[in-house]
>>> print(open('entry.cif').read())   # mmCIF, C-alpha atoms (C1' of nucleotides)
data_query
loop_
_atom_site.group_PDB
_atom_site.id
_atom_site.type_symbol
_atom_site.label_atom_id
_atom_site.label_comp_id
_atom_site.auth_asym_id
_atom_site.auth_seq_id
_atom_site.Cartn_x
_atom_site.Cartn_y
_atom_site.Cartn_z
ATOM 1 C CA MET A 294 -31.116 23.899 -76.044
ATOM 2 C CA PHE A 295 -31.921 20.882 -78.100
ATOM 3 C CA GLN A 296 -29.634 21.950 -80.833
ATOM 4 C CA ALA A 297 -26.564 22.121 -78.596
ATOM 5 C CA LYS A 298 -26.774 18.524 -77.446
ATOM 6 C CA PHE A 299 -27.914 17.337 -80.818
ATOM 7 C CA ASP A 300 -25.131 18.910 -82.841
ATOM 8 C CA THR A 301 -22.547 17.694 -80.326
ATOM 9 C CA ALA A 302 -23.829 14.147 -80.665
ATOM 10 C CA ILE A 303 -23.806 14.448 -84.437
ATOM 11 C CA TRP A 304 -20.288 15.818 -84.539
ATOM 12 C CA ASP A 305 -19.115 13.028 -82.262
ATOM 13 C CA VAL A 306 -20.660 10.350 -84.443
ATOM 14 C CA VAL A 307 -19.406 11.876 -87.679
ATOM 15 C CA SER A 308 -15.945 12.274 -86.204
ATOM 16 C CA SER A 309 -16.036 8.645 -85.137
ATOM 17 C CA ILE A 310 -16.479 7.413 -88.700
ATOM 18 C CA PRO A 311 -13.342 5.393 -89.524
ATOM 19 C CA TYR A 312 -11.064 6.401 -92.377
ATOM 20 C CA GLY A 313 -12.302 5.112 -95.699
ATOM 21 C CA GLN A 314 -15.769 4.416 -94.300
ATOM 22 C CA PHE A 315 -19.063 6.254 -94.567
ATOM 23 C CA MET A 316 -22.497 6.464 -92.945
ATOM 24 C CA SER A 317 -25.911 7.551 -94.120
ATOM 25 C CA TYR A 318 -27.681 10.517 -92.517
ATOM 26 C CA GLY A 319 -30.237 8.247 -90.921
ATOM 27 C CA GLN A 320 -27.466 6.026 -89.607
ATOM 28 C CA VAL A 321 -25.624 8.959 -88.086
ATOM 29 C CA ALA A 322 -28.796 10.380 -86.589
ATOM 30 C CA LYS A 323 -29.683 7.048 -85.025
ATOM 31 C CA ALA A 324 -26.129 6.518 -83.778
ATOM 32 C CA ALA A 325 -26.274 9.953 -82.172
ATOM 33 C CA GLY A 326 -29.431 8.892 -80.380
ATOM 34 C CA TYR A 327 -31.836 10.869 -82.538
ATOM 35 C CA PRO A 328 -33.567 8.613 -85.077
ATOM 36 C CA ARG A 329 -35.539 10.304 -87.861
ATOM 37 C CA HIS A 330 -33.339 13.384 -87.468
ATOM 38 C CA ALA A 331 -31.483 12.706 -90.687
ATOM 39 C CA ARG A 332 -32.317 16.186 -91.943
ATOM 40 C CA MET A 333 -31.086 17.712 -88.716
ATOM 41 C CA VAL A 334 -27.751 15.999 -89.251
ATOM 42 C CA SER A 335 -27.146 18.120 -92.300
ATOM 43 C CA ARG A 336 -28.127 21.244 -90.417
ATOM 44 C CA ALA A 337 -25.833 20.385 -87.503
ATOM 45 C CA MET A 338 -22.865 19.828 -89.796
ATOM 46 C CA SER A 339 -23.554 22.905 -91.843
ATOM 47 C CA ARG A 340 -23.757 24.984 -88.681
ATOM 48 C CA SER A 341 -20.483 23.640 -87.352
ATOM 49 C CA ASP A 342 -17.317 25.302 -88.497
ATOM 50 C CA LYS A 343 -15.323 22.464 -87.004
ATOM 51 C CA LYS A 344 -13.236 20.084 -89.076
ATOM 52 C CA LEU A 345 -15.874 17.416 -89.440
ATOM 53 C CA PRO A 346 -15.394 14.607 -91.988
ATOM 54 C CA TRP A 347 -18.814 15.457 -93.394
ATOM 55 C CA HIS A 348 -17.720 13.952 -96.706
ATOM 56 C CA ARG A 349 -18.094 10.550 -95.043
ATOM 57 C CA VAL A 350 -21.807 11.224 -94.581
ATOM 58 C CA ILE A 351 -23.936 10.260 -97.561
ATOM 59 C CA LYS A 352 -27.530 9.364 -98.376
ATOM 60 C CA SER A 353 -29.052 5.944 -97.754
ATOM 61 C CA ASP A 354 -28.767 5.197 -101.478
ATOM 62 C CA GLY A 355 -25.005 5.486 -101.288
ATOM 63 C CA THR A 356 -25.131 8.640 -103.364
ATOM 64 C CA LEU A 357 -23.940 12.028 -102.191
ATOM 65 C CA ALA A 358 -26.493 14.445 -100.799
ATOM 66 C CA PHE A 359 -25.540 17.268 -103.184
ATOM 67 C CA PRO A 360 -26.477 17.631 -106.842
ATOM 68 C CA ALA A 361 -23.855 16.206 -109.198
ATOM 69 C CA ASP A 362 -23.237 19.638 -110.672
ATOM 70 C CA SER A 363 -22.612 21.175 -107.289
ATOM 71 C CA ASP A 364 -19.140 22.180 -106.135
ATOM 72 C CA TYR A 365 -19.747 20.526 -102.772
ATOM 73 C CA TYR A 366 -20.473 17.281 -104.616
ATOM 74 C CA GLN A 367 -17.108 17.400 -106.362
ATOM 75 C CA GLN A 368 -15.359 18.260 -103.124
ATOM 76 C CA GLN A 369 -17.017 15.432 -101.224
ATOM 77 C CA LYS A 370 -16.306 12.949 -104.006
ATOM 78 C CA ALA A 371 -12.669 13.992 -104.140
ATOM 79 C CA SER A 372 -12.319 13.708 -100.369
ATOM 80 C CA LEU A 373 -13.837 10.245 -100.363
ATOM 81 C CA MET A 374 -11.618 9.010 -103.147
ATOM 82 C CA SER A 375 -8.533 10.427 -101.434
ATOM 83 C CA GLU A 376 -9.456 8.300 -98.424
ATOM 84 C CA GLY A 377 -9.580 5.164 -100.512
ATOM 85 C CA VAL A 378 -13.328 5.175 -101.036
ATOM 86 C CA VAL A 379 -14.197 4.201 -104.581
ATOM 87 C CA LEU A 380 -17.175 5.755 -106.275
ATOM 88 C CA LEU A 381 -19.000 4.016 -109.069
ATOM 89 C CA ASN A 382 -21.592 5.717 -111.183
ATOM 90 C CA GLY A 383 -21.684 8.543 -108.670
ATOM 91 C CA LYS A 384 -22.301 6.114 -105.821
ATOM 92 C CA VAL A 385 -20.006 4.731 -103.144
ATOM 93 C CA ILE A 386 -19.168 1.034 -103.347
ATOM 94 C CA PRO A 387 -21.623 -0.923 -101.193
ATOM 95 C CA PRO A 388 -20.249 -3.863 -99.120
ATOM 96 C CA ASP A 389 -22.241 -6.348 -101.210
ATOM 97 C CA ASN A 390 -20.787 -5.288 -104.523
ATOM 98 C CA ASP A 391 -19.556 -8.284 -106.523
ATOM 99 C CA GLU A 392 -20.084 -7.343 -110.151
ATOM 100 C CA PRO A 393 -16.882 -8.100 -112.119
ATOM 101 C CA GLU A 394 -17.585 -5.396 -114.674
ATOM 102 C CA ASP A 395 -17.978 -2.784 -111.984
ATOM 103 C CA LEU A 396 -14.942 -4.144 -110.204
ATOM 104 C CA ASP A 397 -12.899 -3.763 -113.367
ATOM 105 C CA ALA A 398 -14.219 -0.259 -113.783
ATOM 106 C CA LEU A 399 -13.266 0.775 -110.268
ATOM 107 C CA ILE A 400 -9.824 -0.762 -110.674
ATOM 108 C CA TRP A 401 -9.195 1.409 -113.681
ATOM 109 C CA GLY A 402 -10.658 4.463 -111.989
ATOM 110 C CA ALA A 403 -14.388 4.550 -111.632
ATOM 111 C CA ASP A 404 -16.529 7.649 -111.713
ATOM 112 C CA SER A 405 -14.648 8.930 -114.739
ATOM 113 C CA LEU A 406 -17.967 9.788 -116.338
ATOM 114 C "C1'" DC B 31 -48.743 30.927 -85.023
ATOM 115 C "C1'" DC B 32 -49.046 29.069 -89.900
ATOM 116 C "C1'" DC B 33 -46.451 27.822 -93.879
ATOM 117 C "C1'" DT B 34 -42.367 26.661 -96.452
ATOM 118 C "C1'" DT B 35 -38.043 24.480 -96.818
ATOM 119 C "C1'" DG B 36 -34.311 21.116 -96.328
ATOM 120 C "C1'" DA B 37 -26.950 18.033 -97.115
ATOM 121 C "C1'" DC B 38 -33.328 12.648 -95.556
ATOM 122 C "C1'" DT B 39 -35.853 7.935 -95.855
ATOM 123 C "C1'" DA B 40 -39.121 4.525 -97.137
ATOM 124 C "C1'" DT B 41 -42.824 3.062 -100.064
ATOM 125 C "C1'" DC B 42 -45.589 2.883 -104.210
ATOM 126 C "C1'" DT B 43 -46.286 3.298 -109.153
ATOM 127 C "C1'" DG C 58 -34.803 1.750 -111.984
ATOM 128 C "C1'" DA C 59 -36.476 6.457 -112.090
ATOM 129 C "C1'" DG C 60 -40.261 9.683 -110.541
ATOM 130 C "C1'" DA C 61 -43.898 10.809 -107.312
ATOM 131 C "C1'" DT C 62 -45.836 10.738 -102.517
ATOM 132 C "C1'" DA C 63 -45.878 10.635 -97.698
ATOM 133 C "C1'" DG C 64 -43.581 10.737 -93.201
ATOM 134 C "C1'" DC C 65 -40.384 12.821 -90.656
ATOM 135 C "C1'" DC C 66 -38.518 16.998 -87.367
ATOM 136 C "C1'" DA C 67 -36.606 21.364 -86.647
ATOM 137 C "C1'" DA C 68 -35.513 26.073 -88.239
ATOM 138 C "C1'" DG C 69 -36.688 30.387 -90.561
ATOM 139 C "C1'" DG C 70 -39.879 33.777 -92.674
#
>>> encode(input="entry.cif", output="structure tokens")
Amino acid sequence: MFQAKFDTAIWDVVSSIPYGQFMSYGQVAKAAGYPRHARMVSRAMSRSDKKLPWHRVIKSDGTLAFPADSDYYQQQKASLMSEGVVLLNGKVIPPDNDEPEDLDALIWGADSL
DNA sequence: CCCTTGACTATCT
DNA sequence: GAGATAGCCAAGG
């Protein structure tokens, strides 16, 4: 069954995401060997009752995949921050971030909107 | 079997 | 930079 091999690959990739790091759905899908299956990534994780670090999986924009008013959103955000990931304006800090104002904000606790 | 939906992504306006 | 549109693939009704 496609799903069996797919979800296993997804779980493996998601589980392989280092602490304090994150990957986009498309990135995970590609890494699992299934490009364009970004949507299937979500399904695979949702199906799995395993302890997957799904909070490390976000959208390509750096934002979380859930609506800001969703409980899952809060949970994911909290998990990320507890791993050292800083969120700014509801987005994770991209590697090319160099804005001093944003830097100051994240130092003092970003995402306190 | 056709149509809708979804934890997505990229492009255009 | 936000909103709309199209492409994408699989699952569920």
>>> residues_around(input="entry.cif", residues="Ala331 in chain A", least_positions_apart="6", cutoff="8 Å", atoms="only C-alpha atoms (C1' of nucleotides)", output="JSON, numbers by chain")
{"A": [318, 319, 320, 321, 322], "B": [38]}
>>> interface_residues(input="entry.cif", of="chain A", to="chain C", cutoff="12 Å", atoms="all atoms listed in the file", output="MDAnalysis selection string")
chainID A and resid 295:296 299 319 322 327:337 340
>>> resolve_selection(input="entry.cif", expression="the PyMOL selection byres ((chain B) within 12 of (chain A))", output="short mmCIF file (atom, residue, chain, number, x, y, z; two decimals) with C-alpha atoms (C1' of nucleotides), in the frame of the given file")
data_model
loop_
_atom_site.label_atom_id
_atom_site.label_comp_id
_atom_site.auth_asym_id
_atom_site.auth_seq_id
_atom_site.Cartn_x
_atom_site.Cartn_y
_atom_site.Cartn_z
"C1'" DT B 35 -38.04 24.48 -96.82
"C1'" DG B 36 -34.31 21.12 -96.33
"C1'" DA B 37 -26.95 18.03 -97.12
"C1'" DC B 38 -33.33 12.65 -95.56
"C1'" DT B 39 -35.85 7.94 -95.86
"C1'" DA B 40 -39.12 4.53 -97.14
#
>>> atom_distance(input="entry.cif", atom1="CA of Val378 in chain A", atom2="CA of Asp364 in chain A")
18.7 Å
>>> atom_distance(input="entry.cif", atom1="CA of Met316 in chain A", atom2="CA of Pro346 in chain A")
10.8 Å
>>> atom_distance(input="entry.cif", atom1="CA of Asp342 in chain A", atom2="CA of Ala302 in chain A")
15.1 Å
>>> resolve_selection(input="entry.cif", expression="the PyMOL selection byres ((chain A and resi 345) around 7)", output="compact mmCIF listing (two decimals) with C-alpha atoms, in the frame of the given file")
# COMPACT_ATOMS: atom_id res chain seq x y z
CA TRP A 304 -20.29 15.82 -84.54
CA VAL A 307 -19.41 11.88 -87.68
CA SER A 308 -15.94 12.27 -86.20
CA LYS A 343 -15.32 22.46 -87.00
CA LYS A 344 -13.24 20.08 -89.08
CA PRO A 346 -15.39 14.61 -91.99
CA TRP A 347 -18.81 15.46 -93.39
